[in-house]
Amino acid sequence: MPVEERRELLLESAFRVIARHGVDGATTRAICAEAGVTLSTFHYVFATRDELLAALVERGTEKELTAVGAALGEGTQNISHGRTGVVTILQTALSAYIDGVEADPDREQAMISLNQYARQTDGLSDLGAHMYLRYYAAIAEALDGVAAATGTGWNRPTTELAPLVLAATDGITLSYLNIGDRAVCDLIADAVVTTLSTHIIDAEDTDRPENTPEKA
């Protein structure tokens with residue numbers, strides 16, 4: 001088996017073990033047992049367990065960012081211009097996010113466990129901050145794209161609005177993992193869309209100086 005395939009196998013196996021037993025339970029032996037490989041195979045691919053965990057954070061971040069892009073892309077299909085278009089895109093994107101959490105809650109649980117572990121571990125503590133900064137940047141860019149697609153604007157820098165979206169998705173994830181109620185997740189999504197809608201600048205107002213957000 002090529003090294004890259006072994007790497008993929010170990011990463012996917014580690015996600016499953018962490019989702020079931022937490023990071024502390026994801027020993028190299030447990031991961032190898034899940035993957036059906038030997039310890040020597042593990043150490044041929046990863047020098048240490050922490051190296052694998054760092055790779056997991058990177059992998060999980062990439063998947064989450066891809067999901068954000070896909071959700072927003074779905075929302076912009078055949079969309080109308082103006083405020084209504086923005087609201088529809090945001091609603092569709094957050095609904096797609098909830099679909100993803102429902103489809104693979106184990107991966108979300110693993111990412112939460114990894115983030116907590118990284119914050120408390122020397123040498124990994126910067127990974128969580130790096131992950132969130134990437135999320136903020138990606139969401140801000142996506143909000144700029146929504147405005148461009150609908151001919152609207154925002155009355156605040158999207159870098160200031162992005163944390164609202166991430167706070168909502170974090171809340172959705174934790175809520176679903178704890179009580180598994182889609183209706184509650186939908187309420188959280190509706191609340192953040194309502195909040196964001198107060199920051200939309202209608203197309204005819206985007207050129208007014210008072211409605212131009214200051215750069216962050």
# chains A, B, ... in the order shown; residues from 1 in each chain; ligands from 1
$ select_by_dssp --residues "region 20-216 of chain A" --states "strand (DSSP E or B)" --output "MDAnalysis selection string"
chainID A and resid 153:154 200:201
$ write_last_selection --atoms "N, CA and C atoms" --output "short mmCIF file (atom, residue, chain, number, x, y, z; two decimals), in the first residue's frame"
data_model
loop_
_atom_site.label_atom_id
_atom_site.label_comp_id
_atom_site.auth_asym_id
_atom_site.auth_seq_id
_atom_site.Cartn_x
_atom_site.Cartn_y
_atom_site.Cartn_z
N GLY A 153 -24.43 44.96 -0.14
CA GLY A 153 -23.23 45.23 0.62
C GLY A 153 -23.50 44.99 2.09
N TRP A 154 -22.49 45.25 2.90
CA TRP A 154 -22.61 45.11 4.36
C TRP A 154 -22.22 46.43 5.01
N ILE A 200 -27.27 44.22 6.21
CA ILE A 200 -27.28 44.23 4.74
C ILE A 200 -27.55 45.65 4.25
N ILE A 201 -26.80 46.07 3.25
CA ILE A 201 -27.06 47.35 2.58
C ILE A 201 -27.71 47.03 1.25
#
$ residues_around --residues "region 100-106 of chain A" --least-positions-apart "2" --cutoff "8 Å" --atoms "only C-alpha atoms" --output "list in words"
Phe15, Arg16, Ala19, Arg20, Ala96, Tyr97, Ile98, Glu108, Gln109, Ala110, Thr173, Tyr176 and Leu177 of chain A
$ write_last_selection --atoms "N, CA and C atoms" --output "PDB file, in the first residue's frame"
ATOM      1  N   PHE A  15      -9.916   9.595  13.288  1.00  0.00           N
ATOM      2  CA  PHE A  15     -11.149  10.365  13.473  1.00  0.00           C
ATOM      3  C   PHE A  15     -12.211   9.503  14.149  1.00  0.00           C
ATOM      4  N   ARG A  16     -12.347   8.274  13.696  1.00  0.00           N
ATOM      5  CA  ARG A  16     -13.388   7.404  14.261  1.00  0.00           C
ATOM      6  C   ARG A  16     -13.089   7.054  15.715  1.00  0.00           C
ATOM      7  N   ALA A  19     -13.739  10.125  17.896  1.00  0.00           N
ATOM      8  CA  ALA A  19     -15.176  10.378  18.038  1.00  0.00           C
ATOM      9  C   ALA A  19     -15.794   9.462  19.094  1.00  0.00           C
ATOM     10  N   ARG A  20     -15.299   8.224  19.181  1.00  0.00           N
ATOM     11  CA  ARG A  20     -15.873   7.267  20.142  1.00  0.00           C
ATOM     12  C   ARG A  20     -15.274   7.388  21.529  1.00  0.00           C
ATOM     13  N   ALA A  96     -27.615  23.657   4.852  1.00  0.00           N
ATOM     14  CA  ALA A  96     -26.673  22.659   4.335  1.00  0.00           C
ATOM     15  C   ALA A  96     -25.644  22.287   5.396  1.00  0.00           C
ATOM     16  N   TYR A  97     -25.218  23.272   6.200  1.00  0.00           N
ATOM     17  CA  TYR A  97     -24.274  22.985   7.282  1.00  0.00           C
ATOM     18  C   TYR A  97     -24.904  22.019   8.283  1.00  0.00           C
ATOM     19  N   ILE A  98     -26.146  22.274   8.643  1.00  0.00           N
ATOM     20  CA  ILE A  98     -26.834  21.388   9.591  1.00  0.00           C
ATOM     21  C   ILE A  98     -26.974  19.994   9.002  1.00  0.00           C
ATOM     22  N   GLU A 108     -17.660  15.751  13.639  1.00  0.00           N
ATOM     23  CA  GLU A 108     -17.769  17.008  14.388  1.00  0.00           C
ATOM     24  C   GLU A 108     -17.309  16.813  15.825  1.00  0.00           C
ATOM     25  N   GLN A 109     -17.697  15.691  16.427  1.00  0.00           N
ATOM     26  CA  GLN A 109     -17.265  15.402  17.795  1.00  0.00           C
ATOM     27  C   GLN A 109     -15.750  15.272  17.862  1.00  0.00           C
ATOM     28  N   ALA A 110     -15.169  14.628  16.858  1.00  0.00           N
ATOM     29  CA  ALA A 110     -13.719  14.469  16.826  1.00  0.00           C
ATOM     30  C   ALA A 110     -13.021  15.816  16.725  1.00  0.00           C
ATOM     31  N   THR A 173     -23.539  22.911  16.147  1.00  0.00           N
ATOM     32  CA  THR A 173     -22.831  21.638  16.306  1.00  0.00           C
ATOM     33  C   THR A 173     -22.989  21.092  17.719  1.00  0.00           C
ATOM     34  N   TYR A 176     -26.602  19.963  18.445  1.00  0.00           N
ATOM     35  CA  TYR A 176     -26.980  18.695  17.815  1.00  0.00           C
ATOM     36  C   TYR A 176     -26.284  17.514  18.484  1.00  0.00           C
ATOM     37  N   LEU A 177     -25.011  17.681  18.816  1.00  0.00           N
ATOM     38  CA  LEU A 177     -24.286  16.579  19.441  1.00  0.00           C
ATOM     39  C   LEU A 177     -24.860  16.226  20.810  1.00  0.00           C
TER      40      LEU A 177
END
$ closest_residue --among "A:Ala67, A:Ala162, A:Ala14, A:Leu127" --to "Ile31 (chain A)" --atoms "only C-alpha atoms"
A:Ala14
$ closest_residue --among "A:Ala54, A:Ile79, A:Val184, A:Leu65" --to "Arg134 (chain A)" --atoms "only C-alpha atoms"
A:Leu65
$ residues_around --residues "region 116-126 of chain A" --least-positions-apart "3" --cutoff "9 Å" --atoms "only C-alpha atoms" --output "ChimeraX atom specification"
/A:23-24,50,53-54,57,111-113,129-131
$ residues_around --residues "Arg6 (chain A)" --least-positions-apart "4" --cutoff "12 Å" --atoms "only C-alpha atoms" --output "list in words"
Met1, Pro2, Leu10, Leu11, Glu12, Ser13, Cys32, Ala35, Gly36, Val37, Thr38, Ser40, Thr41, Phe42, His43, Tyr44, Val45 and Phe46 of chain A
$ closest_residue --among "A:Ile188, A:Leu174, A:Ile89, A:Leu114" --to "Ala55 (chain A)" --atoms "only C-alpha atoms"
A:Leu114
$ closest_residue --among "A:Glu8, A:Glu64, A:Asp190, A:Asp144" --to "Pro157 (chain A)" --atoms "only C-alpha atoms"
A:Asp144
$ closest_residue --among "A:Thr66, A:Thr28, A:Ser95, A:Thr150" --to "Ala168 (chain A)" --atoms "only C-alpha atoms"
A:Ser95
$ atom_distance --atom1 "CA of Glu62 (chain A)" --atom2 "CA of Leu166 (chain A)"
15.2 Å
$ atom_distance --atom1 "CA of Ile172 (chain A)" --atom2 "CA of Arg83 (chain A)"
24.2 Å
$ atom_distance --atom1 "CA of Val3 (chain A)" --atom2 "CA of Gly128 (chain A)"
27.1 Å
